[in-house]
file model.pdb (PDB, C-alpha atoms and all ligand atoms)
ATOM      1  CA  MET A 382      56.723 108.993  88.333
ATOM      2  CA  ALA A 383      56.155 111.996  86.131
ATOM      3  CA  THR A 384      56.148 111.465  82.423
ATOM      4  CA  LEU A 385      55.732 113.694  79.431
ATOM      5  CA  SER A 386      53.111 111.494  77.857
ATOM      6  CA  GLY A 387      50.600 114.326  77.721
ATOM      7  CA  HIS A 388      52.826 116.544  75.673
ATOM      8  CA  ALA A 389      51.646 115.195  72.370
ATOM      9  CA  GLN A 390      48.432 117.066  73.022
ATOM     10  CA  HIS A 391      50.358 120.284  73.531
ATOM     11  CA  ARG A 392      51.848 119.836  70.094
ATOM     12  CA  GLN A 393      48.360 119.721  68.662
ATOM     13  CA  ALA A 394      47.330 122.861  70.488
ATOM     14  CA  SER A 395      49.410 125.232  68.421
ATOM     15  CA  GLY A 396      46.855 125.815  65.669
ATOM     16  CA  GLY A 397      46.185 129.542  65.498
ATOM     17  CA  SER A 398      42.748 131.054  65.671
ATOM     18  CA  ALA A 399      43.680 134.184  63.776
ATOM     19  CA  THR A 400      42.603 134.703  60.196
ATOM     20  CA  PRO A 401      44.407 136.579  57.470
ATOM     21  CA  GLY A 402      43.867 140.293  57.434
ATOM     22  CA  SER A 403      41.484 141.637  54.786
ATOM     23  CA  SER A 404      41.625 144.819  52.795
ATOM     24  CA  ALA A 405      38.716 146.189  54.826
ATOM     25  CA  GLN A 406      40.732 146.177  57.986
ATOM     26  CA  ALA A 407      42.537 149.123  59.380
ATOM     27  CA  VAL A 408      46.298 149.238  59.336
ATOM     28  CA  PRO A 409      47.346 146.165  61.306
ATOM     29  CA  LYS A 410      49.140 146.598  64.538
ATOM     30  CA  PRO A 411      52.750 145.496  64.607
ATOM     31  CA  PRO A 412      53.150 141.922  65.779
ATOM     32  CA  VAL A 413      53.716 141.256  69.425
ATOM     33  CA  LEU A 414      56.528 138.783  69.676
ATOM     34  CA  THR A 415      55.559 136.730  72.661
ATOM     35  CA  THR A 416      54.061 133.313  73.066
ATOM     36  CA  GLN A 417      50.798 135.014  74.007
ATOM     37  CA  HIS A 418      50.402 136.501  70.538
ATOM     38  CA  PRO A 419      47.183 135.068  69.079
ATOM     39  CA  LEU A 420      49.025 133.834  66.012
ATOM     40  CA  VAL A 421      51.236 131.766  68.224
ATOM     41  CA  ALA A 422      49.214 130.939  71.250
ATOM     42  CA  GLY A 423      46.044 129.539  69.725
ATOM     43  CA  PRO A 424      43.394 128.321  72.143
ATOM     44  CA  ALA A 425      45.892 127.365  74.842
ATOM     45  CA  PRO A 426      49.242 128.814  75.826
ATOM     46  CA  LEU A 427      52.002 126.891  74.144
ATOM     47  CA  PRO A 428      54.481 125.669  76.718
ATOM     48  CA  LEU A 429      58.089 126.124  75.830
ATOM     49  CA  PRO A 430      60.582 123.925  77.615
ATOM     50  CA  ALA A 431      63.061 125.473  79.955
ATOM     51  CA  PRO A 432      66.510 126.076  78.506
ATOM     52  CA  ILE A 433      68.614 122.973  78.740
ATOM     53  CA  ALA A 434      71.387 123.154  81.288
ATOM     54  CA  ILE A 435      73.281 119.895  81.215
ATOM     55  CA  GLN A 436      74.480 118.742  84.605
ATOM     56  CA  ARG A 437      77.951 117.719  83.508
ATOM     57  CA  ARG A 438      78.688 115.899  86.723
ATOM     58  CA  VAL A 439      75.493 113.841  86.668
ATOM     59  CA  ILE A 440      75.256 110.387  85.082
ATOM     60  CA  VAL A 441      72.094 108.256  84.940
ATOM     61  CA  LEU A 442      72.398 104.476  85.152
ATOM     62  CA  ASP A 443      69.391 102.328  84.301
ATOM     63  CA  PRO A 444      69.956  98.688  85.304
ATOM     64  CA  ALA A 445      67.423  97.027  83.039
ATOM     65  CA  HIS A 446      64.862  94.516  84.332
ATOM     66  CA  GLY A 447      64.299  93.795  88.015
ATOM     67  CA  GLY A 448      61.661  92.342  90.295
ATOM     68  CA  SER A 449      59.478  89.839  88.474
ATOM     69  CA  ASP A 450      61.173  90.756  85.192
ATOM     70  CA  ALA A 451      64.369  88.689  85.384
ATOM     71  CA  GLY A 452      65.513  89.450  81.847
ATOM     72  CA  ALA A 453      67.614  86.838  80.084
ATOM     73  CA  GLN A 454      68.851  83.721  81.846
ATOM     74  CA  ILE A 455      72.612  84.099  81.544
ATOM     75  CA  SER A 456      73.497  80.756  83.131
ATOM     76  CA  ASP A 457      71.854  78.190  85.397
ATOM     77  CA  THR A 458      72.303  80.453  88.394
ATOM     78  CA  THR A 459      72.498  83.933  86.909
ATOM     79  CA  ALA A 460      69.654  86.160  85.808
ATOM     80  CA  GLU A 461      70.236  89.265  83.737
ATOM     81  CA  LYS A 462      68.517  91.543  86.267
ATOM     82  CA  ASP A 463      71.217  90.715  88.829
ATOM     83  CA  VAL A 464      74.084  91.316  86.409
ATOM     84  CA  THR A 465      72.762  94.707  85.369
ATOM     85  CA  LEU A 466      72.392  95.776  88.993
ATOM     86  CA  ALA A 467      75.858  94.519  89.937
ATOM     87  CA  LEU A 468      77.440  96.360  87.019
ATOM     88  CA  ALA A 469      75.512  99.495  87.959
ATOM     89  CA  PHE A 470      76.859  99.361  91.511
ATOM     90  CA  ARG A 471      80.414  99.033  90.240
ATOM     91  CA  LEU A 472      79.958 101.898  87.820
ATOM     92  CA  ARG A 473      78.350 104.051  90.492
ATOM     93  CA  ALA A 474      81.257 103.537  92.861
ATOM     94  CA  MET A 475      83.822 104.365  90.201
ATOM     95  CA  LEU A 476      81.947 107.410  88.995
ATOM     96  CA  ALA A 477      81.429 108.676  92.549
ATOM     97  CA  ALA A 478      85.174 108.310  93.136
ATOM     98  CA  ARG A 479      85.682 110.577  90.126
ATOM     99  CA  GLY A 480      83.353 113.244  91.488
ATOM    100  CA  PHE A 481      80.159 112.374  89.619
ATOM    101  CA  THR A 482      76.670 112.282  91.033
ATOM    102  CA  VAL A 483      74.980 109.091  89.874
ATOM    103  CA  VAL A 484      71.218 108.756  89.520
ATOM    104  CA  MET A 485      70.035 105.154  89.357
ATOM    105  CA  THR A 486      66.568 104.233  88.157
ATOM    106  CA  ARG A 487      66.633 101.340  90.640
ATOM    107  CA  ASP A 488      69.127 100.294  93.289
ATOM    108  CA  SER A 489      67.483  97.113  94.518
ATOM    109  CA  ASP A 490      65.561  94.112  93.286
ATOM    110  CA  ALA A 491      62.592  94.851  95.519
ATOM    111  CA  PRO A 492      59.248  95.042  93.747
ATOM    112  CA  GLY A 493      59.196  98.774  94.304
ATOM    113  CA  GLY A 494      62.546  99.157  92.606
ATOM    114  CA  GLY A 495      62.123  96.450  90.056
ATOM    115  CA  GLY A 496      58.592  97.239  89.019
ATOM    116  CA  LEU A 497      59.391 100.380  87.116
ATOM    117  CA  THR A 498      57.807 100.815  83.726
ATOM    118  CA  LEU A 499      59.967 101.907  80.844
ATOM    119  CA  ASP A 500      58.261 105.289  81.003
ATOM    120  CA  ASP A 501      59.118 105.522  84.702
ATOM    121  CA  ARG A 502      62.748 104.901  83.906
ATOM    122  CA  ALA A 503      62.804 107.497  81.137
ATOM    123  CA  GLY A 504      61.044 109.957  83.445
ATOM    124  CA  VAL A 505      63.684 109.524  86.141
ATOM    125  CA  ALA A 506      66.449 109.886  83.592
ATOM    126  CA  ASN A 507      65.024 112.940  81.865
ATOM    127  CA  HIS A 508      64.609 114.871  85.093
ATOM    128  CA  ALA A 509      68.314 114.559  85.798
ATOM    129  CA  HIS A 510      69.510 116.541  82.722
ATOM    130  CA  ALA A 511      72.504 114.254  82.822
ATOM    131  CA  ALA A 512      75.642 114.319  80.730
ATOM    132  CA  ALA A 513      74.917 110.703  79.819
ATOM    133  CA  CYS A 514      72.343 107.994  80.407
ATOM    134  CA  LEU A 515      73.483 104.380  80.189
ATOM    135  CA  VAL A 516      70.880 101.626  79.966
ATOM    136  CA  LEU A 517      72.532  98.441  81.205
ATOM    137  CA  HIS A 518      71.653  95.017  79.812
ATOM    138  CA  ALA A 519      73.449  91.670  79.799
ATOM    139  CA  GLY A 520      73.323  88.634  77.565
ATOM    140  CA  SER A 521      74.686  85.124  77.392
ATOM    141  CA  SER A 522      75.895  85.241  73.797
ATOM    142  CA  GLY A 523      78.605  87.235  72.138
ATOM    143  CA  ASP A 524      81.852  88.415  73.601
ATOM    144  CA  GLY A 525      82.669  91.603  75.470
ATOM    145  CA  VAL A 526      80.471  94.685  75.377
ATOM    146  CA  HIS A 527      77.735  95.553  72.917
ATOM    147  CA  LEU A 528      77.309  99.302  72.672
ATOM    148  CA  TYR A 529      74.166 100.595  71.009
ATOM    149  CA  ARG A 530      72.860 104.047  70.348
ATOM    150  CA  SER A 531      69.312 104.770  69.227
ATOM    151  CA  ASP A 532      68.514 103.986  65.620
ATOM    152  CA  LEU A 533      66.158 106.947  65.312
ATOM    153  CA  ASP A 534      66.885 109.373  62.501
ATOM    154  CA  ALA A 535      68.530 112.465  63.882
ATOM    155  CA  VAL A 536      66.355 115.577  63.808
ATOM    156  CA  SER A 537      67.034 119.154  64.679
ATOM    157  CA  ALA A 538      65.860 120.119  68.119
ATOM    158  CA  GLU A 539      62.605 122.035  68.061
ATOM    159  CA  PRO A 540      61.628 124.858  70.388
ATOM    160  CA  THR A 541      58.808 122.800  71.829
ATOM    161  CA  VAL A 542      58.484 119.751  74.009
ATOM    162  CA  PRO A 543      59.613 116.812  71.860
ATOM    163  CA  PRO A 544      57.398 113.788  71.165
ATOM    164  CA  TRP A 545      57.851 111.344  74.000
ATOM    165  CA  LEU A 546      58.496 108.233  71.933
ATOM    166  CA  THR A 547      61.175 109.843  69.764
ATOM    167  CA  ALA A 548      62.659 112.436  72.105
ATOM    168  CA  GLN A 549      66.106 110.919  71.668
ATOM    169  CA  ALA A 550      66.141 111.917  67.972
ATOM    170  CA  ALA A 551      67.391 115.418  68.769
ATOM    171  CA  TRP A 552      70.261 113.933  70.751
ATOM    172  CA  ILE A 553      71.506 111.405  68.181
ATOM    173  CA  PRO A 554      74.630 113.398  67.209
ATOM    174  CA  GLN A 555      75.660 113.634  70.864
ATOM    175  CA  SER A 556      74.863 109.979  71.503
ATOM    176  CA  ARG A 557      76.992 109.039  68.520
ATOM    177  CA  LEU A 558      79.942 110.973  69.965
ATOM    178  CA  LEU A 559      79.427 109.377  73.372
ATOM    179  CA  GLN A 560      79.362 105.951  71.719
ATOM    180  CA  ARG A 561      82.683 106.710  70.046
ATOM    181  CA  GLU A 562      84.191 107.894  73.326
ATOM    182  CA  ILE A 563      83.192 104.802  75.299
ATOM    183  CA  ALA A 564      84.041 102.440  72.446
ATOM    184  CA  SER A 565      87.554 103.866  72.273
ATOM    185  CA  ALA A 566      88.020 103.403  76.005
ATOM    186  CA  LEU A 567      86.789  99.793  75.901
ATOM    187  CA  ALA A 568      89.043  99.024  72.930
ATOM    188  CA  ARG A 569      92.058 100.494  74.720
ATOM    189  CA  SER A 570      91.256  98.174  77.613
ATOM    190  CA  GLY A 571      91.306  95.179  75.297
ATOM    191  CA  ILE A 572      87.604  94.426  75.715
ATOM    192  CA  PRO A 573      85.898  92.937  72.631
ATOM    193  CA  LEU A 574      83.295  95.288  71.292
ATOM    194  CA  VAL A 575      80.215  95.308  69.115
ATOM    195  CA  ILE A 576      78.931  98.714  68.058
ATOM    196  CA  GLY A 577      75.457  99.214  66.681
ATOM    197  CA  ALA A 578      72.209 101.103  66.677
ATOM    198  CA  VAL A 579      68.855  99.851  67.848
ATOM    199  CA  SER A 580      65.536 101.571  68.386
ATOM    200  CA  VAL A 581      64.154 100.567  71.770
ATOM    201  CA  ARG A 582      62.558 102.038  74.812
ATOM    202  CA  PRO A 583      63.323 103.646  77.135
ATOM    203  CA  MET A 584      66.368 104.871  75.185
ATOM    204  CA  ASP A 585      64.293 106.445  72.416
ATOM    205  CA  SER A 586      62.536 108.626  75.012
ATOM    206  CA  LEU A 587      65.688 109.929  76.673
ATOM    207  CA  THR A 588      66.554 113.608  76.393
ATOM    208  CA  CYS A 589      70.278 113.318  76.937
ATOM    209  CA  PRO A 590      73.168 111.515  75.296
ATOM    210  CA  ALA A 591      72.147 107.883  75.750
ATOM    211  CA  LEU A 592      73.465 104.405  75.038
ATOM    212  CA  ILE A 593      72.668 100.805  75.807
ATOM    213  CA  VAL A 594      75.605  98.965  77.344
ATOM    214  CA  GLU A 595      75.008  95.233  77.033
ATOM    215  CA  LEU A 596      77.508  93.122  78.893
ATOM    216  CA  ALA A 597      78.268  89.790  77.223
ATOM    217  CA  PRO A 598      80.559  87.097  78.625
ATOM    218  CA  ALA A 599      84.310  87.295  78.171
ATOM    219  CA  ASP A 600      85.916  84.566  76.062
ATOM    220  CA  GLU A 601      82.492  82.986  75.511
ATOM    221  CA  ASP A 602      82.487  81.721  79.077
ATOM    222  CA  ALA A 603      78.994  82.420  80.419
ATOM    223  CA  ASP A 604      80.145  82.427  84.036
ATOM    224  CA  SER A 605      82.694  85.141  83.347
ATOM    225  CA  ILE A 606      79.918  87.691  83.307
ATOM    226  CA  ASN A 607      79.803  87.510  87.108
ATOM    227  CA  GLN A 608      83.544  87.788  87.616
ATOM    228  CA  THR A 609      84.562  90.813  89.609
ATOM    229  CA  GLY A 610      87.687  91.401  87.566
ATOM    230  CA  TYR A 611      85.829  91.407  84.279
ATOM    231  CA  GLN A 612      83.058  93.709  85.464
ATOM    232  CA  GLN A 613      85.625  96.030  87.029
ATOM    233  CA  ARG A 614      87.572  96.308  83.764
ATOM    234  CA  VAL A 615      84.445  97.235  81.875
ATOM    235  CA  ALA A 616      83.288  99.687  84.536
ATOM    236  CA  ARG A 617      86.712 101.340  84.776
ATOM    237  CA  ALA A 618      86.894 101.875  81.020
ATOM    238  CA  ILE A 619      83.413 103.390  80.920
ATOM    239  CA  ALA A 620      84.044 105.632  83.934
ATOM    240  CA  GLY A 621      87.262 106.895  82.356
ATOM    241  CA  ALA A 622      85.440 107.683  79.121
ATOM    242  CA  LEU A 623      82.734 109.601  80.985
ATOM    243  CA  LEU A 624      85.392 111.700  82.671
ATOM    244  CA  VAL A 625      86.531 112.865  79.235
ATOM    245  CA  TRP A 626      82.970 113.183  78.018
ATOM    246  CA  GLU A 627      82.041 115.547  80.828
ATOM    247  CA  SER A 628      83.874 118.438  79.179
ATOM    248  CA  ARG A 629      82.656 117.623  75.658
ATOM    249  CA  VAL A 630      78.933 117.103  76.033
ATOM    250  CA  GLN A 631      76.713 119.808  74.554
ATOM    251  CA  ALA A 632      72.981 120.349  74.457
ATOM    252  CA  PRO A 633      71.361 120.654  71.032
ATOM    253  CA  PRO A 634      70.841 124.317  70.110
ATOM    254  CA  GLN A 635      67.257 123.861  71.181
ATOM    255  CA  LEU A 636      65.983 127.163  72.434
ATOM    256  CA  SER A 637      68.254 129.383  70.431
ATOM    257  CA  VAL A 638      65.846 129.035  67.520
ATOM    258  CA  ALA A 639      62.703 129.792  69.516
ATOM    259  CA  ALA A 640      62.778 133.561  69.162
ATOM    260  CA  SER A 641      63.342 133.526  65.406
ATOM    261  CA  THR A 642      60.576 130.967  64.929
ATOM    262  CA  ILE A 643      58.103 133.125  66.794
ATOM    263  CA  THR A 644      59.152 136.181  64.812
ATOM    264  CA  THR A 645      58.512 134.329  61.574
ATOM    265  CA  LEU A 646      55.110 133.186  62.714
ATOM    266  CA  ALA A 647      54.069 136.576  63.926
ATOM    267  CA  THR A 648      54.843 138.189  60.610
ATOM    268  CA  GLN A 649      52.909 135.581  58.660
ATOM    269  CA  SER A 650      49.221 135.867  58.131
ATOM    270  CA  GLY A 651      46.952 132.904  58.386
ATOM    271  CA  ARG A 652      47.675 129.550  59.926
ATOM    272  CA  THR A 653      50.448 129.044  62.356
ATOM    273  CA  ALA A 654      52.318 126.007  63.371
ATOM    274  CA  LEU A 655      55.548 125.643  65.218
ATOM    275  CA  HIS A 656      56.054 122.420  63.258
ATOM    276  CA  PRO A 657      55.846 123.426  59.629
TER     277      PRO A 657
HETATM  278 ZN    ZN B 701      67.954  92.968  78.942
END

call {"tool": "encode", "arguments": {"input": "model.pdb", "output": "structure tokens"}}
result
Amino acid sequence: MATLSGHAQHRQASGGSATPGSSAQAVPKPPVLTTQHPLVAGPAPLPLPAPIAIQRRVIVLDPAHGGSDAGAQISDTTAEKDVTLALAFRLRAMLAARGFTVVMTRDSDAPGGGGLTLDDRAGVANHAHAAACLVLHAGSSGDGVHLYRSDLDAVSAEPTVPPWLTAQAAWIPQSRLLQREIASALARSGIPLVIGAVSVRPMDSLTCPALIVELAPADEDADSINQTGYQQRVARAIAGALLVWESRVQAPPQLSVAASTITTLATQSGRTALHP
């Protein structure tokens, strides 16, 4: 599965080779405002990401664990990996009924589907340009749904490929809004709720609004986590929230700053860096 793990090197490749003009030089030519300008390009062309076009009708579901990674033991007979997959199937059906296309990082417990690395999962998710990515977990303690966004500090989107391990940082404001939307829907459905922030992979590498949805038992009854009615209530509330979210999601103003950044660099003399 493709990853962006090599992009950190691209970030280091932006050092310019040009030197400041000296008084002995002729009148300098006006700057050429392209990425090929020597002040900008440096030794290697600097790749700029394609403009973000969010696929508003696409949702990514990542049922955590799978294969030899069973996750938490929810009860004597229930492993977390099975709960996350079951909830994902329910969500997929409800979202499909509402006109969404659902991308799942795995749809079976086979080794091929369950042996994904966290980077694999983030790679699948990030290629979808989805309106939302939900990482599904389950636990035996607590009550209801635990809804986490990334705990990374929000940063402004930069006109370059973001660092892989903190790519979610540019999306924090959107993830916060998505968290509010889904939390409201769960509360209206009478489902107990814990809201928080946690910094974990693969969520921190996701380049879309992203949350962890951790299903806990209802009424502190561990077996309830497998009950169809309970899972359906949770899935229906989330699917309804995503239907509202579809018209609200926005990409960070990522590339709108690219041109002005290049202009600034081209009119400077000396070192260049797209990350001042
Ligand atoms: Zn888990």

call {"tool": "closest_residue", "arguments": {"input": "model.pdb", "among": "A:Phe470, A:Trp545, A:Tyr611, A:Trp552", "to": "Gly504 of chain A", "atoms": "all atoms listed in the file"}}
result
A:Trp545

call {"tool": "resolve_selection", "arguments": {"input": "model.pdb", "expression": "the PyMOL selection byres (((chain A and resi 555-569) around 10) and not hetatm)", "output": "number ranges by chain"}}
result
A: 512-514, 525-531, 549-554, 570-578, 589-594, 614-623, 625-626, 629-633

call {"tool": "closest_atom_pairs", "arguments": {"input": "model.pdb", "of": "chain A", "to": "ligand ZN 701 (chain B)", "cutoff": "8 Å", "atoms": "all atoms listed in the file", "output": "Markdown table"}}
result
| residue | atom | partner | partner_atom | distance |
| --- | --- | --- | --- | --- |
| A:Ala445 | CA | B:ZN701 | ZN | 5.8 |
| A:His446 | CA | B:ZN701 | ZN | 6.4 |
| A:Gly452 | CA | B:ZN701 | ZN | 5.2 |
| A:Ala453 | CA | B:ZN701 | ZN | 6.2 |
| A:Glu461 | CA | B:ZN701 | ZN | 6.5 |
| A:Lys462 | CA | B:ZN701 | ZN | 7.5 |
| A:Leu517 | CA | B:ZN701 | ZN | 7.5 |
| A:His518 | CA | B:ZN701 | ZN | 4.3 |
| A:Ala519 | CA | B:ZN701 | ZN | 5.7 |
| A:Gly520 | CA | B:ZN701 | ZN | 7.0 |
| A:Glu595 | CA | B:ZN701 | ZN | 7.7 |

call {"tool": "write_last_selection", "arguments": {"input": "model.pdb", "atoms": "C-alpha atoms", "output": "CSV table (one decimal), in the frame of the given file"}}
result
chain,number,residue,atom,x,y,z
A,445,ALA,CA,67.4,97.0,83.0
A,446,HIS,CA,64.9,94.5,84.3
A,452,GLY,CA,65.5,89.4,81.8
A,453,ALA,CA,67.6,86.8,80.1
A,461,GLU,CA,70.2,89.3,83.7
A,462,LYS,CA,68.5,91.5,86.3
A,517,LEU,CA,72.5,98.4,81.2
A,518,HIS,CA,71.7,95.0,79.8
A,519,ALA,CA,73.4,91.7,79.8
A,520,GLY,CA,73.3,88.6,77.6
A,595,GLU,CA,75.0,95.2,77.0

call {"tool": "axis_aligned_box", "arguments": {"input": "model.pdb", "around": "segment 476-485 of chain A", "padding_each_side": "3 Å", "output": "AutoDock Vina command-line options"}}
result
--center_x 77.9 --center_y 109.2 --center_z 91.1 --size_x 21.6 --size_y 14.1 --size_z 10.1

call {"tool": "resolve_selection", "arguments": {"input": "model.pdb", "expression": "the PyMOL selection byres (((chain A and resi 606) around 10) and not hetatm)", "output": "list in words"}}
result
Ile455, Ser456, Thr459, Glu461, Val464, Leu468, Ala519, Gly520, Ser521, Asp524, Gly525, Leu596, Ala597, Pro598, Ala599, Asp600, Glu601, Asp602, Ala603, Asp604, Ser605, Asn607, Gln608, Thr609, Gly610, Tyr611 and Gln612 of chain A

call {"tool": "atom_distance", "arguments": {"input": "model.pdb", "atom1": "atom CA of Ala434 of chain A", "atom2": "atom CA of Ala511 of chain A"}}
result
9.1 Å

call {"tool": "atom_distance", "arguments": {"input": "model.pdb", "atom1": "atom CA of Ser586 of chain A", "atom2": "atom CA of Ser537 of chain A"}}
result
15.4 Å
